[in-house]
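Engineer: What follows is model.tsv, TSV, N, CA and C atoms.
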chain	number	residue	atom	x	y	z
A	1	MET	N	0.81	-1.19	0.00
A	1	MET	CA	0.00	0.00	0.00
A	1	MET	C	0.85	1.25	0.00
A	2	SER	N	1.98	1.23	0.68
A	2	SER	CA	2.82	2.43	0.72
A	2	SER	C	3.38	2.74	-0.66
A	3	ASP	N	3.58	1.71	-1.51
A	3	ASP	CA	4.03	1.97	-2.88
A	3	ASP	C	3.00	2.80	-3.64
A	4	LEU	N	1.72	2.47	-3.48
A	4	LEU	CA	0.67	3.24	-4.15
A	4	LEU	C	0.59	4.65	-3.58
A	5	ASN	N	0.79	4.79	-2.27
A	5	ASN	CA	0.82	6.13	-1.68
A	5	ASN	C	1.97	6.94	-2.25
A	6	ASN	N	3.13	6.32	-2.43
A	6	ASN	CA	4.27	7.01	-3.02
A	6	ASN	C	3.97	7.45	-4.45
A	7	VAL	N	3.31	6.59	-5.21
A	7	VAL	CA	2.94	6.93	-6.59
A	7	VAL	C	1.98	8.11	-6.59
A	8	ALA	N	0.97	8.08	-5.72
A	8	ALA	CA	0.00	9.18	-5.65
A	8	ALA	C	0.69	10.48	-5.24
A	9	ASN	N	1.57	10.41	-4.25
A	9	ASN	CA	2.28	11.61	-3.79
A	9	ASN	C	3.20	12.18	-4.86
A	10	ALA	N	3.78	11.31	-5.68
A	10	ALA	CA	4.72	11.76	-6.71
A	10	ALA	C	4.01	12.23	-7.98
A	11	THR	N	2.71	12.00	-8.07
A	11	THR	CA	1.99	12.36	-9.29
A	11	THR	C	0.80	13.28	-8.98
A	12	LEU	N	-0.29	12.69	-8.52
A	12	LEU	CA	-1.53	13.45	-8.34
A	12	LEU	C	-1.42	14.56	-7.30
A	13	PHE	N	-0.60	14.37	-6.27
A	13	PHE	CA	-0.56	15.33	-5.17
A	13	PHE	C	0.59	16.32	-5.25
A	14	THR	N	1.30	16.37	-6.37
A	14	THR	CA	2.38	17.35	-6.48
A	14	THR	C	1.79	18.73	-6.74
A	15	ASN	N	2.53	19.76	-6.35
A	15	ASN	CA	2.08	21.14	-6.56
A	15	ASN	C	1.83	21.42	-8.04
A	16	GLU	N	2.65	20.82	-8.90
A	16	GLU	CA	2.53	21.06	-10.34
A	16	GLU	C	1.20	20.56	-10.89
A	17	ASN	N	0.61	19.55	-10.24
A	17	ASN	CA	-0.61	18.95	-10.77
A	17	ASN	C	-1.88	19.39	-10.06
A	18	LYS	N	-1.77	20.13	-8.97
A	18	LYS	CA	-2.97	20.56	-8.24
A	18	LYS	C	-3.88	21.40	-9.12
A	19	ASP	N	-3.32	22.32	-9.89
A	19	ASP	CA	-4.15	23.15	-10.78
A	19	ASP	C	-4.80	22.32	-11.88
A	20	LEU	N	-4.07	21.34	-12.40
A	20	LEU	CA	-4.64	20.47	-13.44
A	20	LEU	C	-5.85	19.71	-12.91
A	21	LEU	N	-5.74	19.18	-11.69
A	21	LEU	CA	-6.85	18.43	-11.11
A	21	LEU	C	-8.05	19.34	-10.85
A	22	ALA	N	-7.77	20.56	-10.37
A	22	ALA	CA	-8.86	21.52	-10.13
A	22	ALA	C	-9.56	21.87	-11.45
A	23	LYS	N	-8.80	22.03	-12.52
A	23	LYS	CA	-9.40	22.31	-13.83
A	23	LYS	C	-10.23	21.14	-14.33
A	24	MET	N	-9.76	19.92	-14.04
A	24	MET	CA	-10.53	18.73	-14.43
A	24	MET	C	-11.87	18.70	-13.70
A	25	LEU	N	-11.86	19.05	-12.41
A	25	LEU	CA	-13.11	19.10	-11.66
A	25	LEU	C	-14.04	20.14	-12.25
A	26	GLU	N	-13.53	21.34	-12.50
A	26	GLU	CA	-14.36	22.40	-13.06
A	26	GLU	C	-14.95	21.98	-14.41
A	27	LYS	N	-14.14	21.33	-15.23
A	27	LYS	CA	-14.62	20.87	-16.54
A	27	LYS	C	-15.72	19.83	-16.37
A	28	ALA	N	-15.53	18.89	-15.44
A	28	ALA	CA	-16.53	17.86	-15.21
A	28	ALA	C	-17.82	18.45	-14.67
A	29	LEU	N	-17.72	19.48	-13.82
A	29	LEU	CA	-18.91	20.10	-13.24
A	29	LEU	C	-19.73	20.86	-14.28
A	30	LEU	N	-19.12	21.22	-15.40
A	30	LEU	CA	-19.84	21.90	-16.48
A	30	LEU	C	-20.64	20.91	-17.32
A	31	GLU	N	-20.32	19.63	-17.22
A	31	GLU	CA	-21.02	18.58	-17.96
A	31	GLU	C	-22.33	18.24	-17.23
A	32	PRO	N	-23.29	17.69	-17.95
A	32	PRO	CA	-24.46	17.14	-17.25
A	32	PRO	C	-23.99	16.03	-16.31
A	33	LEU	N	-24.50	16.03	-15.08
A	33	LEU	CA	-24.12	15.04	-14.08
A	33	LEU	C	-25.31	14.15	-13.75
A	34	VAL	N	-25.06	12.85	-13.67
A	34	VAL	CA	-26.10	11.88	-13.35
A	34	VAL	C	-25.87	11.38	-11.93
A	35	PRO	N	-26.86	11.54	-11.03
A	35	PRO	CA	-26.70	11.00	-9.68
A	35	PRO	C	-26.68	9.48	-9.71
A	36	MET	N	-25.87	8.89	-8.84
A	36	MET	CA	-25.76	7.44	-8.81
A	36	MET	C	-25.36	7.01	-7.41
A	37	GLU	N	-25.75	5.81	-7.03
A	37	GLU	CA	-25.35	5.25	-5.74
A	37	GLU	C	-23.84	5.03	-5.73
A	38	PRO	N	-23.18	5.16	-4.57
A	38	PRO	CA	-21.72	5.07	-4.50
A	38	PRO	C	-21.12	3.81	-5.11
A	39	ALA	N	-21.63	2.64	-4.76
A	39	ALA	CA	-21.05	1.39	-5.27
A	39	ALA	C	-21.23	1.26	-6.78
A	40	ALA	N	-22.41	1.66	-7.26
A	40	ALA	CA	-22.66	1.59	-8.70
A	40	ALA	C	-21.78	2.58	-9.45
A	41	ALA	N	-21.60	3.78	-8.89
A	41	ALA	CA	-20.74	4.78	-9.53
A	41	ALA	C	-19.31	4.28	-9.61
A	42	GLN	N	-18.82	3.71	-8.52
A	42	GLN	CA	-17.44	3.20	-8.51
A	42	GLN	C	-17.25	2.11	-9.56
A	43	LYS	N	-18.15	1.14	-9.57
A	43	LYS	CA	-18.02	0.03	-10.52
A	43	LYS	C	-18.10	0.52	-11.96
A	44	TYR	N	-19.08	1.35	-12.26
A	44	TYR	CA	-19.25	1.85	-13.62
A	44	TYR	C	-18.05	2.68	-14.07
A	45	MET	N	-17.60	3.60	-13.22
A	45	MET	CA	-16.51	4.48	-13.62
A	45	MET	C	-15.18	3.76	-13.69
A	46	GLU	N	-14.98	2.75	-12.88
A	46	GLU	CA	-13.76	1.95	-13.02
A	46	GLU	C	-13.76	1.19	-14.34
A	47	GLN	N	-14.94	0.76	-14.79
A	47	GLN	CA	-15.04	0.12	-16.11
A	47	GLN	C	-14.71	1.12	-17.22
A	48	VAL	N	-15.17	2.37	-17.05
A	48	VAL	CA	-14.84	3.43	-18.02
A	48	VAL	C	-13.32	3.63	-18.06
A	49	ALA	N	-12.68	3.64	-16.91
A	49	ALA	CA	-11.22	3.83	-16.85
A	49	ALA	C	-10.48	2.68	-17.52
A	50	VAL	N	-10.93	1.46	-17.29
A	50	VAL	CA	-10.29	0.30	-17.92
A	50	VAL	C	-10.43	0.38	-19.44
A	51	ARG	N	-11.63	0.73	-19.90
A	51	ARG	CA	-11.85	0.84	-21.35
A	51	ARG	C	-11.00	1.97	-21.95
A	52	THR	N	-10.90	3.09	-21.25
A	52	THR	CA	-10.08	4.21	-21.72
A	52	THR	C	-8.61	3.82	-21.77
A	53	ALA	N	-8.14	3.12	-20.74
A	53	ALA	CA	-6.74	2.66	-20.72
A	53	ALA	C	-6.48	1.73	-21.90
A	54	THR	N	-7.38	0.81	-22.15
A	54	THR	CA	-7.23	-0.12	-23.26
A	54	THR	C	-7.19	0.63	-24.59
A	55	ASP	N	-8.10	1.59	-24.76
A	55	ASP	CA	-8.15	2.37	-25.99
A	55	ASP	C	-6.87	3.17	-26.21
A	56	ASN	N	-6.22	3.59	-25.13
A	56	ASN	CA	-4.99	4.38	-25.21
A	56	ASN	C	-3.73	3.54	-25.07
A	57	ARG	N	-3.90	2.23	-25.10
A	57	ARG	CA	-2.77	1.28	-25.03
A	57	ARG	C	-1.87	1.54	-23.82
A	58	THR	N	-2.50	1.68	-22.66
A	58	THR	CA	-1.78	1.87	-21.42
A	58	THR	C	-2.48	1.05	-20.35
A	59	ASP	N	-1.95	1.08	-19.16
A	59	ASP	CA	-2.55	0.38	-18.02
A	59	ASP	C	-2.85	1.36	-16.91
A	60	ILE	N	-3.75	0.97	-16.03
A	60	ILE	CA	-4.07	1.78	-14.87
A	60	ILE	C	-3.04	1.50	-13.78
A	61	GLU	N	-2.46	2.57	-13.27
A	61	GLU	CA	-1.49	2.44	-12.19
A	61	GLU	C	-2.18	2.44	-10.83
A	62	LEU	N	-3.18	3.32	-10.68
A	62	LEU	CA	-3.93	3.34	-9.43
A	62	LEU	C	-5.20	4.16	-9.59
A	63	PHE	N	-6.15	3.91	-8.66
A	63	PHE	CA	-7.33	4.74	-8.50
A	63	PHE	C	-7.13	5.54	-7.23
A	64	GLN	N	-7.52	6.80	-7.24
A	64	GLN	CA	-7.31	7.66	-6.07
A	64	GLN	C	-8.45	8.65	-5.95
A	65	MET	N	-8.95	8.81	-4.73
A	65	MET	CA	-9.94	9.84	-4.43
A	65	MET	C	-9.19	11.09	-3.99
A	66	VAL	N	-9.56	12.25	-4.53
A	66	VAL	CA	-8.89	13.51	-4.22
A	66	VAL	C	-9.95	14.54	-3.85
A	67	GLN	N	-9.76	15.20	-2.71
A	67	GLN	CA	-10.68	16.27	-2.30
A	67	GLN	C	-10.26	17.56	-2.98
A	68	LEU	N	-11.24	18.20	-3.65
A	68	LEU	CA	-10.99	19.43	-4.38
A	68	LEU	C	-12.11	20.42	-4.08
A	69	SER	N	-11.81	21.69	-4.18
A	69	SER	CA	-12.82	22.71	-3.97
A	69	SER	C	-13.06	23.46	-5.25
A	70	SER	N	-14.33	23.79	-5.47
A	70	SER	CA	-14.68	24.66	-6.59
A	70	SER	C	-15.18	25.96	-5.99
A	71	SER	N	-15.60	26.87	-6.84
A	71	SER	CA	-16.14	28.13	-6.33
A	71	SER	C	-17.45	27.91	-5.58
A	72	GLU	N	-18.10	26.78	-5.84
A	72	GLU	CA	-19.41	26.50	-5.25
A	72	GLU	C	-19.35	25.64	-3.99
A	73	SER	N	-18.49	24.64	-3.97
A	73	SER	CA	-18.54	23.64	-2.90
A	73	SER	C	-17.23	22.85	-2.86
A	74	THR	N	-17.20	21.86	-1.98
A	74	THR	CA	-16.07	20.94	-1.90
A	74	THR	C	-16.53	19.59	-2.43
A	75	TYR	N	-15.69	18.98	-3.23
A	75	TYR	CA	-16.01	17.70	-3.85
A	75	TYR	C	-14.87	16.72	-3.63
A	76	VAL	N	-15.19	15.45	-3.79
A	76	VAL	CA	-14.19	14.40	-3.82
A	76	VAL	C	-14.33	13.75	-5.19
A	77	MET	N	-13.23	13.72	-5.94
A	77	MET	CA	-13.27	13.18	-7.29
A	77	MET	C	-12.37	11.97	-7.36
A	78	ARG	N	-12.87	10.91	-7.97
A	78	ARG	CA	-12.06	9.70	-8.16
A	78	ARG	C	-11.29	9.86	-9.47
A	79	PHE	N	-10.00	9.61	-9.40
A	79	PHE	CA	-9.13	9.66	-10.57
A	79	PHE	C	-8.54	8.28	-10.83
A	80	ALA	N	-8.29	8.00	-12.08
A	80	ALA	CA	-7.48	6.85	-12.45
A	80	ALA	C	-6.19	7.41	-13.03
A	81	LEU	N	-5.08	6.94	-12.52
A	81	LEU	CA	-3.78	7.34	-13.02
A	81	LEU	C	-3.29	6.24	-13.95
A	82	PHE	N	-2.97	6.62	-15.17
A	82	PHE	CA	-2.48	5.67	-16.16
A	82	PHE	C	-0.96	5.63	-16.15
A	83	GLU	N	-0.40	4.54	-16.61
A	83	GLU	CA	1.05	4.39	-16.66
A	83	GLU	C	1.71	5.39	-17.61
A	84	ASN	N	0.96	5.97	-18.54
A	84	ASN	CA	1.52	6.95	-19.48
A	84	ASN	C	1.47	8.38	-18.92
A	85	ARG	N	1.28	8.51	-17.61
A	85	ARG	CA	1.27	9.78	-16.87
A	85	ARG	C	0.06	10.65	-17.21
A	86	GLN	N	-1.01	10.03	-17.68
A	86	GLN	CA	-2.27	10.73	-17.85
A	86	GLN	C	-3.18	10.36	-16.69
A	87	ALA	N	-4.11	11.24	-16.40
A	87	ALA	CA	-5.12	10.96	-15.39
A	87	ALA	C	-6.48	11.24	-15.98
A	88	ILE	N	-7.46	10.45	-15.56
A	88	ILE	CA	-8.84	10.65	-15.99
A	88	ILE	C	-9.68	10.89	-14.75
A	89	GLY	N	-10.48	11.93	-14.79
A	89	GLY	CA	-11.42	12.20	-13.71
A	89	GLY	C	-12.65	11.35	-13.90
A	90	LEU	N	-13.05	10.67	-12.86
A	90	LEU	CA	-14.16	9.74	-12.97
A	90	LEU	C	-15.38	10.30	-12.24
A	91	ASP	N	-15.86	9.62	-11.21
A	91	ASP	CA	-17.04	10.09	-10.52
A	91	ASP	C	-16.71	11.18	-9.50
A	92	ILE	N	-17.74	11.91	-9.10
A	92	ILE	CA	-17.60	13.06	-8.21
A	92	ILE	C	-18.57	12.88	-7.06
A	93	MET	N	-18.09	13.15	-5.85
A	93	MET	CA	-18.96	13.13	-4.68
A	93	MET	C	-19.03	14.54	-4.10
A	94	ASP	N	-20.24	15.01	-3.86
A	94	ASP	CA	-20.43	16.28	-3.17
A	94	ASP	C	-20.09	16.02	-1.71
A	95	ALA	N	-19.04	16.65	-1.20
A	95	ALA	CA	-18.56	16.39	0.15
A	95	ALA	C	-19.55	16.84	1.22
A	96	GLU	N	-20.45	17.74	0.88
A	96	GLU	CA	-21.41	18.23	1.86
A	96	GLU	C	-22.56	17.27	2.10
A	97	ASN	N	-23.04	16.62	1.04
A	97	ASN	CA	-24.20	15.74	1.23
A	97	ASN	C	-23.93	14.28	0.88
A	98	GLY	N	-22.73	13.97	0.40
A	98	GLY	CA	-22.36	12.58	0.11
A	98	GLY	C	-22.94	12.01	-1.17
A	99	GLN	N	-23.61	12.83	-1.98
A	99	GLN	CA	-24.20	12.35	-3.23
A	99	GLN	C	-23.12	12.16	-4.29
A	100	PHE	N	-23.14	11.00	-4.95
A	100	PHE	CA	-22.21	10.71	-6.04
A	100	PHE	C	-22.86	11.07	-7.36
A	101	PHE	N	-22.03	11.55	-8.27
A	101	PHE	CA	-22.46	11.89	-9.63
A	101	PHE	C	-21.44	11.35	-10.61
A	102	ILE	N	-21.92	11.01	-11.79
A	102	ILE	CA	-21.01	10.68	-12.88
A	102	ILE	C	-21.21	11.71	-13.98
A	103	PRO	N	-20.10	12.23	-14.52
A	103	PRO	CA	-20.21	13.22	-15.59
A	103	PRO	C	-20.53	12.55	-16.93
A	104	GLU	N	-21.10	13.34	-17.83
A	104	GLU	CA	-21.42	12.82	-19.16
A	104	GLU	C	-20.16	12.38	-19.90
A	105	SER	N	-19.08	13.13	-19.75
A	105	SER	CA	-17.79	12.72	-20.32
A	105	SER	C	-16.72	12.98	-19.27
A	106	CYS	N	-15.71	12.15	-19.28
A	106	CYS	CA	-14.67	12.20	-18.27
A	106	CYS	C	-13.46	12.97	-18.80
A	107	PRO	N	-13.03	14.00	-18.07
A	107	PRO	CA	-11.86	14.76	-18.51
A	107	PRO	C	-10.57	13.97	-18.32
A	108	ILE	N	-9.66	14.11	-19.28
A	108	ILE	CA	-8.34	13.47	-19.22
A	108	ILE	C	-7.29	14.57	-19.33
A	109	CYS	N	-6.22	14.45	-18.56
A	109	CYS	CA	-5.12	15.41	-18.70
A	109	CYS	C	-3.78	14.70	-18.60
A	110	GLN	N	-2.79	15.33	-19.19
A	110	GLN	CA	-1.41	14.86	-19.09
A	110	GLN	C	-0.82	15.51	-17.85
A	111	LEU	N	-0.32	14.71	-16.93
A	111	LEU	CA	0.25	15.24	-15.71
A	111	LEU	C	1.64	15.79	-15.95
A	112	ALA	N	2.02	16.74	-15.12
A	112	ALA	CA	3.36	17.32	-15.21
A	112	ALA	C	4.40	16.27	-14.84
A	113	GLU	N	5.56	16.38	-15.45
A	113	GLU	CA	6.66	15.47	-15.11
A	113	GLU	C	7.10	15.74	-13.69
A	114	PRO	N	7.47	14.69	-12.96
A	114	PRO	CA	7.95	14.91	-11.58
A	114	PRO	C	9.24	15.72	-11.58
A	115	THR	N	9.36	16.57	-10.59
A	115	THR	CA	10.59	17.36	-10.45
A	115	THR	C	11.53	16.67	-9.48
A	116	LEU	N	12.79	16.80	-9.73
A	116	LEU	CA	13.80	16.19	-8.85
A	116	LEU	C	14.27	17.22	-7.86
A	117	ASN	N	14.41	16.81	-6.62
A	117	ASN	CA	14.91	17.74	-5.58
A	117	ASN	C	16.41	17.69	-5.51
When written as structure tokens, how does the structure in this file appear?
Structural biologist:
Amino acid sequence: MSDLNNVANATLFTNENKDLLAKMLEKALLEPLVPMEPAAAQKYMEQVAVRTATDNRTDIELFQMVQLSSSESTYVMRFALFENRQAIGLDIMDAENGQFFIPESCPICQLAEPTLN
């Protein structure tokens, strides 16, 4: 498990990628959102991530929930990190009421390269 935490810290949680993830949330929130039960949303969106990885000839490195804030509220968004350093935003949970939503289309972005200290 610590290996996956290291991967998340070196990719999704770096300062260079925080703005990218926030933009992905904002983009997803502009799409029509369909409410869904948590377990169904997770299963469906993980299938979307697997299909997207296959279409892009890459593999999924990890799934990670990330808390993000928009101008309106605080959300938790599930991301899939691909081995090609891309991330796809999947389902979104409203942190205030716990409601899960799936966007009509899932935003994908290329993550910044890790910086060496």
Engineer: Considering all atoms listed in the file, return as a list of chain:residue names whatever protein or nucleic-acid residues lie within 6 Å of Met77 of chain A, sequence-local ones (same chain, fewer than 4 positions apart) excluded.
Structural biologist: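 Final neighbour list, sorted by chain and number: A:Gln64, A:Met65, A:Val66, A:Gln67, A:Leu68, A:Leu90, A:Asp91, A:Ile92, A:Met93.
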Engineer: Skip segment 43-57 of chain A itself and residues of its chain fewer than 5 positions away, then list as a list in words all residues within 8 Å of it, counting all atoms listed in the file.
Structural biologist: Glu37, Pro38, Phe79, Ala80, Phe82, Glu83, Asn84, Ile88, Gly89, Leu90, Asp91 and Ile102 of chain A
Engineer: Taking only N, CA and C atoms into account, which of A:Cys109, A:Asn17, A:Phe63, A:Ser69 comes nearest Leu81 of chain A?
Structural biologist: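 The shortest atom-to-atom distance to Leu81 of chain A comes from A:Phe63.
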Engineer: Could you state the separation of atom CA of Leu30 of chain A and atom CA of Pro103 of chain A in Å, given to one decimal place?
Structural biologist: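 Result for atom CA of Leu30 of chain A versus atom CA of Pro103 of chain A: 8.7 Å, one decimal.
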Engineer: As a ChimeraX atom specification, please: all residues of chain A that backbone DSSP puts in strand (DSSP E or B).
Structural biologist: /A:33-36,60-69,74-82,86-94,100-103,108-110
Engineer: Looking at A:Ser70, A:Thr11, A:Thr58, A:Asp3, which one is nearest to Leu25 of chain A, with distances taken over all atoms listed in the file?
Structural biologist: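 Of all the options, A:Ser70 lies closest to Leu25 of chain A.
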Engineer: Could you work out an axis-aligned box for segment 58-67 of chain A, taking every atom the file lists and adding 3 Å on each side, and report centre and edge lengths in Å to one decimal, as JSON?
Structural biologist:
{"center_x": -6.1, "center_y": 9.0, "center_z": -12.5, "size_x": 15.2, "size_y": 23.2, "size_z": 26.4}
Engineer: Quick one: DSSP alpha helix (DSSP H) residues in chain A, as number ranges by chain?
Structural biologist: A: 2-10, 15-30, 38-55
Engineer: Between atom N of Glu26 of chain A and atom C of Ala39 of chain A, what is the spacing in Å?
Structural biologist: 22.3 Å
Engineer: Give the answer as one residue: which of A:Phe13, A:Ser73, A:Gln42, A:Met24 has the shortest atom-to-atom distance to Cys106 of chain A, using only N, CA and C atoms?
Structural biologist: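 Distance minimum relative to Cys106 of chain A lands on A:Met24.
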Engineer: Measure the distance from atom CA of Gln110 of chain A to atom CA of Ile60 of chain A in Å and round it to one decimal.
Structural biologist: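 According to the coordinates, atom CA of Gln110 of chain A and atom CA of Ile60 of chain A are separated by 14.0 Å.
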Engineer: Please, can segment 62-72 of chain A be completed to all heavy atoms and returned as a PDB file, in the frame of the given file?
Structural biologist:
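Output file out21.pdb is given in full below:
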ATOM      1  N   LEU A  62      -3.180   3.320 -10.680  1.00  0.00           N
ATOM      2  CA  LEU A  62      -3.930   3.340  -9.430  1.00  0.00           C
ATOM      3  C   LEU A  62      -5.200   4.160  -9.590  1.00  0.00           C
ATOM      4  O   LEU A  62      -5.329   4.951 -10.512  1.00  0.00           O
ATOM      5  CB  LEU A  62      -3.097   3.899  -8.268  1.00  0.00           C
ATOM      6  CG  LEU A  62      -2.659   5.371  -8.298  1.00  0.00           C
ATOM      7  CD1 LEU A  62      -3.689   6.280  -7.653  1.00  0.00           C
ATOM      8  CD2 LEU A  62      -1.360   5.514  -7.529  1.00  0.00           C
ATOM      9  N   PHE A  63      -6.150   3.910  -8.660  1.00  0.00           N
ATOM     10  CA  PHE A  63      -7.330   4.740  -8.500  1.00  0.00           C
ATOM     11  C   PHE A  63      -7.130   5.540  -7.230  1.00  0.00           C
ATOM     12  O   PHE A  63      -6.624   5.017  -6.230  1.00  0.00           O
ATOM     13  CB  PHE A  63      -8.603   3.891  -8.371  1.00  0.00           C
ATOM     14  CG  PHE A  63      -9.010   3.207  -9.639  1.00  0.00           C
ATOM     15  CD1 PHE A  63      -8.703   1.879  -9.865  1.00  0.00           C
ATOM     16  CD2 PHE A  63      -9.722   3.891 -10.615  1.00  0.00           C
ATOM     17  CE1 PHE A  63      -9.087   1.241 -11.027  1.00  0.00           C
ATOM     18  CE2 PHE A  63     -10.115   3.270 -11.785  1.00  0.00           C
ATOM     19  CZ  PHE A  63      -9.792   1.944 -11.991  1.00  0.00           C
ATOM     20  N   GLN A  64      -7.520   6.800  -7.240  1.00  0.00           N
ATOM     21  CA  GLN A  64      -7.310   7.660  -6.070  1.00  0.00           C
ATOM     22  C   GLN A  64      -8.450   8.650  -5.950  1.00  0.00           C
ATOM     23  O   GLN A  64      -8.852   9.252  -6.929  1.00  0.00           O
ATOM     24  CB  GLN A  64      -5.982   8.406  -6.206  1.00  0.00           C
ATOM     25  CG  GLN A  64      -5.631   9.283  -5.045  1.00  0.00           C
ATOM     26  CD  GLN A  64      -5.263   8.490  -3.807  1.00  0.00           C
ATOM     27  OE1 GLN A  64      -4.489   7.557  -3.890  1.00  0.00           O
ATOM     28  NE2 GLN A  64      -5.820   8.868  -2.686  1.00  0.00           N
ATOM     29  N   MET A  65      -8.950   8.810  -4.730  1.00  0.00           N
ATOM     30  CA  MET A  65      -9.940   9.840  -4.430  1.00  0.00           C
ATOM     31  C   MET A  65      -9.190  11.090  -3.990  1.00  0.00           C
ATOM     32  O   MET A  65      -8.267  11.007  -3.178  1.00  0.00           O
ATOM     33  CB  MET A  65     -10.890   9.396  -3.328  1.00  0.00           C
ATOM     34  CG  MET A  65     -11.701   8.152  -3.651  1.00  0.00           C
ATOM     35  SD  MET A  65     -12.978   8.407  -4.879  1.00  0.00           S
ATOM     36  CE  MET A  65     -14.241   9.212  -3.928  1.00  0.00           C
ATOM     37  N   VAL A  66      -9.560  12.250  -4.530  1.00  0.00           N
ATOM     38  CA  VAL A  66      -8.890  13.510  -4.220  1.00  0.00           C
ATOM     39  C   VAL A  66      -9.950  14.540  -3.850  1.00  0.00           C
ATOM     40  O   VAL A  66     -10.918  14.732  -4.585  1.00  0.00           O
ATOM     41  CB  VAL A  66      -8.070  14.017  -5.427  1.00  0.00           C
ATOM     42  CG1 VAL A  66      -7.407  15.342  -5.108  1.00  0.00           C
ATOM     43  CG2 VAL A  66      -7.044  12.979  -5.860  1.00  0.00           C
ATOM     44  N   GLN A  67      -9.760  15.200  -2.710  1.00  0.00           N
ATOM     45  CA  GLN A  67     -10.680  16.270  -2.300  1.00  0.00           C
ATOM     46  C   GLN A  67     -10.260  17.560  -2.980  1.00  0.00           C
ATOM     47  O   GLN A  67      -9.106  17.962  -2.914  1.00  0.00           O
ATOM     48  CB  GLN A  67     -10.672  16.455  -0.789  1.00  0.00           C
ATOM     49  CG  GLN A  67     -11.665  17.500  -0.333  1.00  0.00           C
ATOM     50  CD  GLN A  67     -11.809  17.560   1.174  1.00  0.00           C
ATOM     51  OE1 GLN A  67     -11.807  16.546   1.831  1.00  0.00           O
ATOM     52  NE2 GLN A  67     -11.926  18.762   1.696  1.00  0.00           N
ATOM     53  N   LEU A  68     -11.240  18.200  -3.650  1.00  0.00           N
ATOM     54  CA  LEU A  68     -10.990  19.430  -4.380  1.00  0.00           C
ATOM     55  C   LEU A  68     -12.110  20.420  -4.080  1.00  0.00           C
ATOM     56  O   LEU A  68     -13.236  20.018  -3.785  1.00  0.00           O
ATOM     57  CB  LEU A  68     -10.966  19.165  -5.894  1.00  0.00           C
ATOM     58  CG  LEU A  68      -9.920  18.182  -6.395  1.00  0.00           C
ATOM     59  CD1 LEU A  68     -10.257  17.726  -7.809  1.00  0.00           C
ATOM     60  CD2 LEU A  68      -8.549  18.824  -6.364  1.00  0.00           C
ATOM     61  N   SER A  69     -11.810  21.690  -4.180  1.00  0.00           N
ATOM     62  CA  SER A  69     -12.820  22.710  -3.970  1.00  0.00           C
ATOM     63  C   SER A  69     -13.060  23.460  -5.250  1.00  0.00           C
ATOM     64  O   SER A  69     -12.142  23.720  -6.020  1.00  0.00           O
ATOM     65  CB  SER A  69     -12.375  23.697  -2.890  1.00  0.00           C
ATOM     66  OG  SER A  69     -12.287  23.040  -1.652  1.00  0.00           O
ATOM     67  N   SER A  70     -14.330  23.790  -5.470  1.00  0.00           N
ATOM     68  CA  SER A  70     -14.680  24.660  -6.590  1.00  0.00           C
ATOM     69  C   SER A  70     -15.180  25.960  -5.990  1.00  0.00           C
ATOM     70  O   SER A  70     -15.218  26.117  -4.772  1.00  0.00           O
ATOM     71  CB  SER A  70     -15.764  24.014  -7.459  1.00  0.00           C
ATOM     72  OG  SER A  70     -17.013  24.121  -6.823  1.00  0.00           O
ATOM     73  N   SER A  71     -15.600  26.870  -6.840  1.00  0.00           N
ATOM     74  CA  SER A  71     -16.140  28.130  -6.330  1.00  0.00           C
ATOM     75  C   SER A  71     -17.450  27.910  -5.580  1.00  0.00           C
ATOM     76  O   SER A  71     -17.851  28.723  -4.773  1.00  0.00           O
ATOM     77  CB  SER A  71     -16.331  29.111  -7.479  1.00  0.00           C
ATOM     78  OG  SER A  71     -17.182  28.534  -8.449  1.00  0.00           O
ATOM     79  N   GLU A  72     -18.100  26.780  -5.840  1.00  0.00           N
ATOM     80  CA  GLU A  72     -19.410  26.500  -5.250  1.00  0.00           C
ATOM     81  C   GLU A  72     -19.350  25.640  -3.990  1.00  0.00           C
ATOM     82  O   GLU A  72     -20.101  25.865  -3.061  1.00  0.00           O
ATOM     83  CB  GLU A  72     -20.297  25.783  -6.282  1.00  0.00           C
ATOM     84  CG  GLU A  72     -20.455  26.522  -7.586  1.00  0.00           C
ATOM     85  CD  GLU A  72     -21.273  27.781  -7.429  1.00  0.00           C
ATOM     86  OE1 GLU A  72     -22.267  27.754  -6.700  1.00  0.00           O
ATOM     87  OE2 GLU A  72     -20.894  28.804  -8.025  1.00  0.00           O
TER      88      GLU A  72
END
